[in-house]
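K.L.:
Submitted below is the structure of interest, expressed as structure tokens.
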4 protein chains.
Amino acid sequence: MPAASANSNPTPIPKRDEILQIASRLFYEQGFGATGIKQIIDEAGIAKGTFYSHFQSKEQLGVAWLRARHATWNGWFEEAIRNRKSAGKKLLATFDFLESWLADCNYRGCAFLNTMAETPDFDSPMREEVTAHKNQLHERFQKLALEHFADQEPEASARQLGSVLFLLFEGALVETQNFHDTWPVEVARVQAKKLIEQESAS
Amino acid sequence: MPAASANSNPTPIPKRDEILQIASRLFYEQGFGATGIKQIIDEAGIAKGTFYSHFQSKEQLGVAWLRARHATWNGWFEEAIRNRKSAGKKLLATFDFLESWLADCNYRGCAFLNTMAETPDFDSPMREEVTAHKNQLHERFQKLALEHFADQEPEASARQLGSVLFLLFEGALVETQNFHDTWPVEVARVQAKKLIEQESAS
Amino acid sequence: MPAASANSNPTPIPKRDEILQIASRLFYEQGFGATGIKQIIDEAGIAKGTFYSHFQSKEQLGVAWLRARHATWNGWFEEAIRNRKSAGKKLLATFDFLESWLADCNYRGCAFLNTMAETPDFDSPMREEVTAHKNQLHERFQKLALEHFADQEPEASARQLGSVLFLLFEGALVETQNFHDTWPVEVARVQAKKLIEQESAS
Amino acid sequence: MPAASANSNPTPIPKRDEILQIASRLFYEQGFGATGIKQIIDEAGIAKGTFYSHFQSKEQLGVAWLRARHATWNGWFEEAIRNRKSAGKKLLATFDFLESWLADCNYRGCAFLNTMAETPDFDSPMREEVTAHKNQLHERFQKLALEHFADQEPEASARQLGSVLFLLFEGALVETQNFHDTWPVEVARVQAKKLIEQESAS
DNA sequence: AATGAATGAGCCTTCATTCAT
DNA sequence: CATGAATGAAGGCTCATTCAT
């Protein structure tokens, strides 16, 4: 037995993370409400009590899921636009990212919007995560828009364009999920290109 | 007893309709999954068996709900744009309607998109109702766009604009629900106006 | 098959009553809190849901138990004093009853006081049953005392004696349960006799 | 580090005592069965294992609670009668003490009788504490009665009176807890006075 | 001593559906 | 058509206790 790092467990994933990982998959694929604690602990191979020693409640697990998802998804998003040379190119690239991500996730769509749909209470902890996530995404679009339109448009106008691109992004996301077809992304991208380039040209 | 209007029975509301009406309210406010049969029959004041003599299953009730909702919501939509004198005006009016409807429903949003979010199976009966509803709405936007842009744009371009307006509508809908604030509708309306009028001007 | 009353089921005990009967035994023997719904339904041979179609909640079952117990126990009490020729004799007979009942129930004591002990919340539905039961028992002692002392004592004094006999009864009950020995009943009876007869003599 | 009082450790409260103190409050207020280990360790700010290194089991903690409670309550009792000049006065003073104590504890009543009620097994360790406590209290009443009635009554008669006063005390205790009203103490005190003084007079 | 993850049986309650009446 | 008792799996969560660290 030379070292613990040899074969089987190179730091065997802290149990809490394993639970979160399994739950994340199930919440995303089936929905938060449709996923029971039992399924999570069965797939994790642990006892009920073990689960509750790691998470106060199912809702707290839901919050942890959305927080982790926020980091993960933002990572994908930023990575996808990182190499683009300008803010305009980055804005356009978001729609390429949208298309490939939605195909990859089998059109299950946005974990946050799906959660919002089954969480009517606006003040619930999970809804706060949803709002925070979308707020940040909206701000990201605005920041890119401000950068791109800075020298040709007044700030208010640039902000409006950032919001429009955000809404096109969200609309395309939701309708691609709905139709299981990426035509909405294509439509949005075409319009986005027009907005981004036309303004430059005028 | 020749006619139902004869004596004892002023046909108040057929029981099936009453159940559907109550269920519709609950499904919309709380979500389909979060609403139990028990609550429905309790509020309707009927027995379990009575419910199942009217509806095969909860899912069938869900389908009936979405079908009725489709008719109702489309009625609101058409009514809201009926008086506008041109297709362009009608397209713009859809955003006014969106704003007032979302405020009226306490930002609970779209019954169809909410249902989609908690129904991962694309082939399920309820998802079919969702897809059908959004398909028709999209076609409505295209039809109006074709009418409005008919003489100044090629058909493909008009269709693209119809789809863009649809995506702006859907994006604004979803984000107004999310933020409990109508700024997204305002953003979408401003852009919609630009698209509708600018094209006319160019 | 001549009649349903022949052999097996002469009105087979309504299921609700059977549940109540089983639960009553378990609540009394083990305590309300220490008895789980599972044990009740297992002994009744029914499903969880069946239980909940008969009783709203465990607490409601508890209330039903105490109400039934009130009727049963009062029946025993009244039966035990029924044949005595005078109010004084009846008052004395309550202590004979107390002794034989406590031995019969294996010194498990009073269902109501036991329930009170594990129900700190004074306003809870089960506590209300306890208070009502003891109130009525107290009033029974007072009524007998008024009858017995009517012509030799002012009313207030007769009431005081009724209450004293009630407290002796309750004290003896509780301490016989505690010690698993009926000496407290004996002590109480001797004192009761003195109070009942001495007053007559003075 | 010769003595524990040296530097860092002003020995605030030994941890075991702190646990016991917290548990005592919770057991008394909520009942033994209704109080979970988790609540105790949470309020004590310690870990599960720490708890079990101080107490073998919940039941052993229960025993420790009752032993400590015995000492505490007896202290209150003795303190309350200490200044009275005679055994007769002391006997009477027990009812004054009863009244003020029951009001102070918010009518939660006697920890021992409450525990008895939820502990059907007569031979269990906790029941032994209950029996021991009540035995000693009964003996205390007898001792005072013997002292008070010594020269006017035969011993057996004095003992009987001691037991009667004990039963009145217990009955008043239990019914004051039940009714959340001290009338039972008042009734018992009036009778006690009569017994104590009348015998002296006869 | 002290930690807190792990256990597994148990808590009370609700689920959608069926079926004998 | 209507009733509501019956099902059995599942819901989220707590229980007292153990044990490797």
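Going by the structure tokens order, chains are called A, B, ..., each with residues numbered from 1, while ligands are numbered from 1 in the order shown.
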Can you work out which residues from chain F touch chain A at a cut-off of 9 Å (counting only C-alpha atoms (C1' of nucleotides)) and hand them back as number ranges by chain?
P.N.:
F: 10-14
K.L.:
Considering only C-alpha atoms (C1' of nucleotides), give me a table of residues in chain A that are at most 8 Å from chain E, with the closest atom pair and distance in Å for each, as JSON lines.
P.N.:
```
{"residue": "A:Ala47", "atom": "CA", "partner": "E:DT7", "partner_atom": "C1'", "distance": 6.5}
{"residue": "A:Gly49", "atom": "CA", "partner": "E:DT7", "partner_atom": "C1'", "distance": 7.2}
{"residue": "A:Thr50", "atom": "CA", "partner": "E:DA6", "partner_atom": "C1'", "distance": 5.7}
{"residue": "A:Ser53", "atom": "CA", "partner": "E:DA5", "partner_atom": "C1'", "distance": 7.1}
```
K.L.:
Find the residues in chain A near chain B: any atom within 7 Å counts, using only C-alpha atoms. Write them as a list in words.
P.N.:
Gln30, Gly31, Arg108, Asn114, Met116, Ala117, Glu118, Pro120, Thr131, Gln160, Ser163, Val164, Leu167, Leu168, Glu170, Gly171, Ala172, Asn178, Phe179, Val187 and Ala188 of chain A
K.L.:
Please measure the separation of atom CA of Phe141 of chain B and atom CA of Ser100 of chain B, giving the value in Å to one decimal.
P.N.:
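It comes out at 18.9 Å.
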